[in-house]
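Content type compact mmCIF, N, CA and C atoms, from the file input.txt:
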# COMPACT_ATOMS: atom_id res chain seq x y z
N MET A 173 317.79 60.50 143.15
CA MET A 173 318.85 61.10 142.39
C MET A 173 318.35 62.35 141.65
N CYS A 174 317.24 62.24 140.94
CA CYS A 174 316.67 63.39 140.23
C CYS A 174 316.26 64.47 141.20
N CYS A 175 315.75 64.07 142.34
CA CYS A 175 315.29 65.03 143.34
C CYS A 175 316.45 65.89 143.83
N GLY A 176 317.64 65.30 144.02
CA GLY A 176 318.82 66.06 144.46
C GLY A 176 319.25 67.08 143.43
N ARG A 177 319.24 66.70 142.14
CA ARG A 177 319.61 67.64 141.07
C ARG A 177 318.62 68.80 141.00
N PHE A 178 317.34 68.47 141.17
CA PHE A 178 316.31 69.51 141.13
C PHE A 178 316.57 70.57 142.20
N TRP A 179 316.83 70.13 143.44
CA TRP A 179 317.05 71.08 144.52
C TRP A 179 318.35 71.85 144.34
N ALA A 180 319.39 71.20 143.79
CA ALA A 180 320.66 71.91 143.54
C ALA A 180 320.46 73.00 142.49
N LYS A 181 319.73 72.68 141.41
CA LYS A 181 319.46 73.68 140.36
C LYS A 181 318.59 74.80 140.89
N LEU A 182 317.62 74.45 141.71
CA LEU A 182 316.73 75.46 142.29
C LEU A 182 317.52 76.41 143.18
N SER A 183 318.44 75.90 143.97
CA SER A 183 319.24 76.75 144.87
C SER A 183 320.12 77.71 144.09
N VAL A 184 320.79 77.22 143.04
CA VAL A 184 321.66 78.08 142.23
C VAL A 184 320.81 79.13 141.52
N GLY A 185 319.66 78.72 140.97
CA GLY A 185 318.78 79.67 140.29
C GLY A 185 318.25 80.73 141.23
N THR A 186 317.91 80.35 142.43
CA THR A 186 317.42 81.30 143.43
C THR A 186 318.50 82.30 143.79
N LEU A 187 319.72 81.81 143.96
CA LEU A 187 320.85 82.69 144.30
C LEU A 187 321.10 83.69 143.19
N LEU A 188 321.12 83.22 141.94
CA LEU A 188 321.37 84.13 140.81
C LEU A 188 320.26 85.17 140.66
N SER A 189 319.02 84.76 140.88
CA SER A 189 317.93 85.74 140.76
C SER A 189 317.98 86.77 141.89
N CYS A 190 318.45 86.38 143.07
CA CYS A 190 318.60 87.34 144.17
C CYS A 190 319.69 88.36 143.85
N ILE A 191 320.79 87.89 143.27
CA ILE A 191 321.88 88.80 142.90
C ILE A 191 321.40 89.77 141.83
N ALA A 192 320.65 89.27 140.84
CA ALA A 192 320.14 90.13 139.77
C ALA A 192 319.16 91.16 140.30
N ALA A 193 318.35 90.78 141.28
CA ALA A 193 317.36 91.69 141.84
C ALA A 193 318.02 92.82 142.62
N VAL A 194 319.10 92.50 143.35
CA VAL A 194 319.81 93.51 144.13
C VAL A 194 320.57 94.46 143.21
N GLY A 195 321.16 93.94 142.16
CA GLY A 195 321.92 94.76 141.22
C GLY A 195 323.35 94.95 141.66
N MET A 196 324.11 95.52 140.77
CA MET A 196 325.52 95.79 141.04
C MET A 196 325.65 97.26 141.47
N PRO A 197 326.50 97.52 142.45
CA PRO A 197 326.70 98.92 142.83
C PRO A 197 327.38 99.68 141.69
N PRO A 198 327.13 100.97 141.59
CA PRO A 198 327.76 101.74 140.50
C PRO A 198 329.27 101.79 140.69
N GLU A 199 329.98 101.54 139.60
CA GLU A 199 331.44 101.54 139.62
C GLU A 199 331.96 102.08 138.29
N ILE A 200 332.93 102.99 138.36
CA ILE A 200 333.51 103.55 137.14
C ILE A 200 334.72 102.71 136.76
N GLU A 201 334.74 102.33 135.49
CA GLU A 201 335.85 101.54 134.97
C GLU A 201 336.45 102.27 133.77
N PRO A 202 337.73 102.66 133.84
CA PRO A 202 338.36 103.23 132.63
C PRO A 202 338.63 102.10 131.65
N LEU A 203 338.21 102.27 130.41
CA LEU A 203 338.45 101.25 129.41
C LEU A 203 339.91 101.32 128.97
N LEU A 204 340.57 100.23 129.04
CA LEU A 204 342.01 100.17 128.78
C LEU A 204 342.26 99.84 127.33
N PRO A 205 343.40 100.16 126.82
CA PRO A 205 344.53 100.82 127.47
C PRO A 205 344.33 102.33 127.57
N LEU A 206 344.90 102.91 128.62
CA LEU A 206 344.84 104.36 128.76
C LEU A 206 345.75 104.99 127.70
N PRO A 207 345.35 106.13 127.18
CA PRO A 207 346.14 106.76 126.11
C PRO A 207 347.41 107.41 126.65
N THR A 208 348.33 107.69 125.74
CA THR A 208 349.53 108.48 126.03
C THR A 208 349.38 109.80 125.31
N ILE A 209 349.66 110.89 126.03
CA ILE A 209 349.62 112.22 125.40
C ILE A 209 350.99 112.47 124.79
N GLU A 210 351.01 112.75 123.50
CA GLU A 210 352.25 112.99 122.78
C GLU A 210 352.37 114.48 122.45
N LEU A 211 353.51 115.07 122.80
CA LEU A 211 353.79 116.47 122.45
C LEU A 211 355.00 116.50 121.52
N ALA A 212 354.76 116.84 120.27
CA ALA A 212 355.84 116.94 119.28
C ALA A 212 356.63 118.22 119.50
N PRO A 213 357.84 118.32 118.95
CA PRO A 213 358.60 119.56 119.08
C PRO A 213 357.81 120.75 118.54
N GLY A 214 357.76 121.81 119.32
CA GLY A 214 357.05 123.02 118.92
C GLY A 214 355.57 123.03 119.30
N GLU A 215 355.00 121.92 119.65
CA GLU A 215 353.59 121.89 120.06
C GLU A 215 353.44 122.41 121.48
N ARG A 216 352.47 123.29 121.69
CA ARG A 216 352.24 123.84 123.03
C ARG A 216 351.24 123.02 123.82
N PHE A 217 350.32 122.34 123.12
CA PHE A 217 349.26 121.59 123.79
C PHE A 217 349.17 120.17 123.24
N GLY A 218 348.79 119.26 124.12
CA GLY A 218 348.53 117.87 123.73
C GLY A 218 347.24 117.44 124.39
N SER A 219 346.59 116.44 123.82
CA SER A 219 345.33 116.00 124.40
C SER A 219 345.19 114.49 124.29
N ALA A 220 344.27 113.96 125.07
CA ALA A 220 343.94 112.54 125.05
C ALA A 220 342.50 112.37 125.50
N THR A 221 341.90 111.27 125.09
CA THR A 221 340.54 110.93 125.48
C THR A 221 340.55 109.60 126.21
N VAL A 222 339.88 109.58 127.37
CA VAL A 222 339.74 108.36 128.16
C VAL A 222 338.27 107.98 128.16
N LEU A 223 337.98 106.72 127.91
CA LEU A 223 336.61 106.22 127.95
C LEU A 223 336.33 105.67 129.34
N LEU A 224 335.22 106.14 129.94
CA LEU A 224 334.83 105.69 131.28
C LEU A 224 333.49 104.98 131.18
N ARG A 225 333.40 103.79 131.79
CA ARG A 225 332.17 103.00 131.74
C ARG A 225 331.62 102.77 133.14
N ASN A 226 330.31 102.84 133.27
CA ASN A 226 329.64 102.51 134.52
C ASN A 226 329.29 101.03 134.48
N ARG A 227 329.94 100.24 135.33
CA ARG A 227 329.71 98.80 135.37
C ARG A 227 328.52 98.41 136.24
N GLY A 228 327.94 99.34 136.94
CA GLY A 228 326.87 99.02 137.88
C GLY A 228 325.49 99.11 137.28
N SER A 229 324.49 98.95 138.15
CA SER A 229 323.10 98.99 137.70
C SER A 229 322.39 100.27 138.13
N GLU A 230 323.15 101.24 138.67
CA GLU A 230 322.60 102.54 139.04
C GLU A 230 323.45 103.64 138.39
N PRO A 231 322.88 104.80 138.12
CA PRO A 231 323.67 105.89 137.53
C PRO A 231 324.78 106.36 138.48
N VAL A 232 325.88 106.82 137.88
CA VAL A 232 326.99 107.41 138.63
C VAL A 232 326.99 108.90 138.34
N HIS A 233 327.07 109.71 139.38
CA HIS A 233 327.15 111.16 139.24
C HIS A 233 328.60 111.58 139.51
N ILE A 234 329.22 112.22 138.52
CA ILE A 234 330.58 112.74 138.69
C ILE A 234 330.44 114.07 139.41
N LEU A 235 331.01 114.16 140.58
CA LEU A 235 330.89 115.37 141.40
C LEU A 235 332.04 116.34 141.15
N GLN A 236 333.23 115.78 140.85
CA GLN A 236 334.41 116.62 140.67
C GLN A 236 335.44 115.88 139.83
N ALA A 237 336.12 116.60 138.96
CA ALA A 237 337.25 116.08 138.18
C ALA A 237 338.42 117.01 138.45
N GLN A 238 339.36 116.56 139.29
CA GLN A 238 340.48 117.40 139.73
C GLN A 238 341.76 117.01 139.01
N PRO A 239 342.31 117.90 138.19
CA PRO A 239 343.61 117.61 137.58
C PRO A 239 344.73 117.78 138.59
N SER A 240 345.88 117.16 138.29
CA SER A 240 347.01 117.18 139.22
C SER A 240 347.74 118.51 139.25
N CYS A 241 347.65 119.30 138.19
CA CYS A 241 348.32 120.61 138.20
C CYS A 241 347.58 121.57 137.28
N TRP A 242 348.02 122.82 137.30
CA TRP A 242 347.35 123.85 136.50
C TRP A 242 347.52 123.61 135.01
N CYS A 243 348.50 122.81 134.62
CA CYS A 243 348.77 122.59 133.20
C CYS A 243 347.82 121.58 132.55
N VAL A 244 346.93 121.00 133.33
CA VAL A 244 345.97 120.01 132.82
C VAL A 244 344.55 120.57 132.91
N THR A 245 343.83 120.48 131.80
CA THR A 245 342.43 120.85 131.76
C THR A 245 341.62 119.59 131.50
N VAL A 246 340.52 119.44 132.23
CA VAL A 246 339.69 118.23 132.13
C VAL A 246 338.28 118.62 131.70
N GLN A 247 337.69 117.83 130.80
CA GLN A 247 336.32 118.05 130.37
C GLN A 247 335.62 116.70 130.22
N LEU A 248 334.43 116.60 130.80
CA LEU A 248 333.59 115.40 130.67
C LEU A 248 332.44 115.69 129.72
N THR A 249 332.07 114.71 128.91
CA THR A 249 330.93 114.92 128.00
C THR A 249 329.62 114.92 128.76
N GLN A 250 329.56 114.20 129.90
CA GLN A 250 328.36 114.15 130.72
C GLN A 250 328.77 114.02 132.18
N ALA A 251 327.98 114.58 133.08
CA ALA A 251 328.25 114.46 134.51
C ALA A 251 327.59 113.24 135.13
N VAL A 252 326.69 112.60 134.38
CA VAL A 252 326.01 111.39 134.85
C VAL A 252 326.30 110.26 133.87
N ILE A 253 326.75 109.13 134.40
CA ILE A 253 327.01 107.95 133.57
C ILE A 253 325.92 106.93 133.89
N GLU A 254 325.09 106.64 132.92
CA GLU A 254 324.02 105.67 133.09
C GLU A 254 324.60 104.25 133.18
N PRO A 255 323.85 103.30 133.73
CA PRO A 255 324.34 101.92 133.82
C PRO A 255 324.75 101.36 132.46
N ASP A 256 325.90 100.71 132.45
CA ASP A 256 326.48 100.08 131.26
C ASP A 256 326.62 101.05 130.09
N SER A 257 326.91 102.32 130.41
CA SER A 257 327.13 103.35 129.39
C SER A 257 328.56 103.85 129.48
N VAL A 258 328.98 104.54 128.43
CA VAL A 258 330.34 105.07 128.33
C VAL A 258 330.27 106.58 128.12
N VAL A 259 331.15 107.32 128.80
CA VAL A 259 331.30 108.76 128.55
C VAL A 259 332.77 109.04 128.24
N LEU A 260 333.01 110.19 127.64
CA LEU A 260 334.36 110.59 127.28
C LEU A 260 334.91 111.59 128.29
N LEU A 261 336.12 111.36 128.73
CA LEU A 261 336.87 112.31 129.56
C LEU A 261 338.01 112.81 128.69
N ARG A 262 338.05 114.10 128.47
CA ARG A 262 339.07 114.69 127.60
C ARG A 262 340.06 115.44 128.47
N LEU A 263 341.36 115.23 128.22
CA LEU A 263 342.43 115.90 128.95
C LEU A 263 343.27 116.72 127.96
N TRP A 264 343.57 117.95 128.33
CA TRP A 264 344.48 118.81 127.57
C TRP A 264 345.65 119.15 128.47
N VAL A 265 346.84 119.09 127.91
CA VAL A 265 348.05 119.40 128.67
C VAL A 265 348.77 120.56 128.01
N ASN A 266 349.19 121.53 128.83
CA ASN A 266 349.96 122.68 128.37
C ASN A 266 351.44 122.40 128.64
N ARG A 267 352.26 122.46 127.61
CA ARG A 267 353.69 122.15 127.73
C ARG A 267 354.40 123.05 128.75
N GLN A 268 353.93 124.29 128.92
CA GLN A 268 354.60 125.23 129.83
C GLN A 268 354.61 124.73 131.27
N GLY A 269 353.65 123.90 131.65
CA GLY A 269 353.59 123.41 133.01
C GLY A 269 354.39 122.14 133.25
N LEU A 270 355.02 121.62 132.20
CA LEU A 270 355.76 120.37 132.31
C LEU A 270 357.25 120.63 132.47
N SER A 271 357.94 119.64 133.00
CA SER A 271 359.40 119.73 133.09
C SER A 271 360.00 119.33 131.74
N THR A 272 361.31 119.26 131.68
CA THR A 272 361.98 118.92 130.42
C THR A 272 362.15 117.41 130.25
N ASP A 273 361.71 116.62 131.20
CA ASP A 273 361.81 115.15 131.07
C ASP A 273 361.01 114.69 129.85
N THR A 274 361.51 113.62 129.20
CA THR A 274 360.82 113.14 128.01
C THR A 274 359.59 112.32 128.34
N LEU A 275 359.54 111.68 129.52
CA LEU A 275 358.36 110.94 129.94
C LEU A 275 357.91 111.44 131.29
N GLN A 276 356.65 111.87 131.36
CA GLN A 276 356.08 112.39 132.60
C GLN A 276 354.69 111.82 132.77
N TRP A 277 354.07 112.13 133.90
CA TRP A 277 352.72 111.64 134.18
C TRP A 277 351.86 112.80 134.66
N VAL A 278 350.62 112.83 134.21
CA VAL A 278 349.63 113.75 134.75
C VAL A 278 348.51 112.90 135.34
N GLU A 279 347.85 113.46 136.33
CA GLU A 279 346.80 112.71 137.00
C GLU A 279 345.50 113.48 137.02
N CYS A 280 344.42 112.73 137.07
CA CYS A 280 343.09 113.30 137.20
C CYS A 280 342.36 112.47 138.24
N ARG A 281 341.82 113.14 139.23
CA ARG A 281 341.09 112.47 140.31
C ARG A 281 339.60 112.71 140.11
N LEU A 282 338.84 111.62 139.97
CA LEU A 282 337.40 111.72 139.78
C LEU A 282 336.69 111.37 141.09
N VAL A 283 335.92 112.33 141.58
CA VAL A 283 335.10 112.12 142.78
C VAL A 283 333.67 111.93 142.29
N SER A 284 333.04 110.83 142.72
CA SER A 284 331.71 110.51 142.21
C SER A 284 330.90 109.74 143.25
N THR A 285 329.73 109.31 142.83
CA THR A 285 328.87 108.49 143.69
C THR A 285 329.16 107.01 143.51
N ALA A 286 330.18 106.67 142.76
CA ALA A 286 330.53 105.26 142.52
C ALA A 286 331.18 104.66 143.77
N CYS A 287 331.10 103.35 143.86
CA CYS A 287 331.67 102.68 145.03
C CYS A 287 333.19 102.72 145.03
N ASN A 288 333.83 102.96 143.90
CA ASN A 288 335.29 103.04 143.85
C ASN A 288 335.79 104.49 143.78
N SER A 289 335.02 105.40 144.34
CA SER A 289 335.40 106.82 144.36
C SER A 289 336.28 107.10 145.57
N PRO A 290 337.29 107.94 145.44
CA PRO A 290 337.75 108.63 144.24
C PRO A 290 338.58 107.68 143.36
N LEU A 291 338.51 107.92 142.07
CA LEU A 291 339.26 107.15 141.09
C LEU A 291 340.38 108.04 140.56
N ASN A 292 341.61 107.56 140.65
CA ASN A 292 342.76 108.32 140.18
C ASN A 292 343.24 107.76 138.85
N LEU A 293 343.21 108.60 137.82
CA LEU A 293 343.70 108.21 136.51
C LEU A 293 345.09 108.80 136.32
N ARG A 294 346.03 107.98 135.92
CA ARG A 294 347.41 108.42 135.70
C ARG A 294 347.73 108.23 134.23
N ILE A 295 347.96 109.34 133.53
CA ILE A 295 348.13 109.34 132.08
C ILE A 295 349.58 109.72 131.75
N PRO A 296 350.28 108.90 130.95
CA PRO A 296 351.64 109.26 130.56
C PRO A 296 351.66 110.38 129.53
N VAL A 297 352.67 111.24 129.64
CA VAL A 297 352.89 112.33 128.69
C VAL A 297 354.31 112.17 128.13
N ARG A 298 354.40 112.05 126.82
CA ARG A 298 355.70 111.91 126.17
C ARG A 298 356.03 113.23 125.47
N VAL A 299 357.11 113.85 125.89
CA VAL A 299 357.53 115.15 125.36
C VAL A 299 358.72 114.93 124.43
N ARG A 300 358.56 115.35 123.19
CA ARG A 300 359.65 115.24 122.20
C ARG A 300 360.28 116.62 122.03
N ASN A 301 361.56 116.67 122.19
CA ASN A 301 362.27 117.96 122.08
C ASN A 301 363.03 118.09 120.79
For this file, produce the structure as structure tokens.
Amino acid sequence: MCCGRFWAKLSVGTLLSCIAAVGMPPEIEPLLPLPTIELAPGERFGSATVLLRNRGSEPVHILQAQPSCWCVTVQLTQAVIEPDSVVLLRLWVNRQGLSTDTLQWVECRLVSTACNSPLNLRIPVRVRN
């Protein structure tokens, strides 16, 4: 009876140590909830900050951050996200590029070395008239 438990524990321990040795592939995870960009009456620009975390055990290199239109500007605090680290992605929206709808969406596509690349972030924009 004891011998069976010993081998079962040894097998589970061996499996876990193999997984730890291989590591997790790099993956970008946006920390939720995603922000909403609010534009008050008379404001020309709005901004939001998205937190991005590398869930893997290898660094992630951000190769490109493509906004969905000319009215969105994107800035990253770092182009490399170390394992289990967080970086800031800042988005600025220009009201002139938006329609008159009160709720709209802007997107940012992140191309990187992560296993879930490209990652598309969809951020709501609330326009108050």
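Coordinates place atom CA of Arg294 of chain A at a distance of 18.8 Å from atom CA of Leu235 of chain A.
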- Any chance you could list, as a ChimeraX atom specification, the residues in chain A that come up helix (DSSP H, G or I) when DSSP is run on the backbone? /A:174-194,267-269
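Between atom CA of Arg281 of chain A and atom CA of His233 of chain A the interatomic distance comes to 14.0 Å.
Using all atoms listed in the file for every distance, the candidate list A:Leu203, A:Ala286, A:Met196, A:Cys241 yields A:Cys241 as the residue closest to Gly269 of chain A.
If only C-alpha atoms are the atoms counted, then among A:Pro296, A:Pro255, A:Pro198, A:Pro231 the closest residue to Leu275 of chain A is A:Pro296.
Of the residues under consideration (A:Glu201, A:Leu291, A:Glu254, A:Arg262), A:Arg262 shows the shortest atom-to-atom contact distance to Val222 of chain A when counting only N, CA and C atoms.
Closest approach to Ser240 of chain A among A:Ile253, A:Arg300, A:Leu211, A:Val278 is made by A:Val278 (distances from all atoms listed in the file).
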- Which residues in chain A does DSSP call strand (DSSP E or B)? List them as a VMD selection string. chain A and resid 200 to 202 209 to 211 217 to 226 232 to 239 244 to 248 252 to 253 258 to 266 275 to 284 291 to 299
- Item | Within 6.5 Å of file point (348.7, 109.8, 127.7), counting all atoms listed in the file, expressed as a PyMOL selection string | chain A and resi 206-210+220+295-298
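For the set A:Leu224, A:Leu204, A:Val258, A:Val244, the residue with the smallest atom-to-atom gap to Glu279 of chain A is A:Val244, counting all atoms listed in the file.
When only N, CA and C atoms are used to compute distances to Arg227 of chain A, the closest of the residues A:Asn288, A:Asn266, A:Ser257, A:Gln247 turns out to be A:Ser257.
Here atom N of Cys243 of chain A stands at a distance of 24.5 Å from atom C of Ile200 of chain A.
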As AutoDock Vina command-line options, please: the centre and edge lengths in Å, to one decimal, of an axis-aligned box enclosing every listed atom of segment 246-256 of chain A with 5 Å added on each side.
--center_x 332.2 --center_y 109.8 --center_z 131.6 --size_x 26.7 --size_y 29.4 --size_z 17.1
- Please work out which residues fall within 8 Å of (327.4, 97.2, 139.7), coordinates as given in the file, with only N, CA and C atoms counting, and return them as JSON, numbers by chain. {"A": [195, 196, 197, 198, 199, 226, 227, 228, 229, 230]}
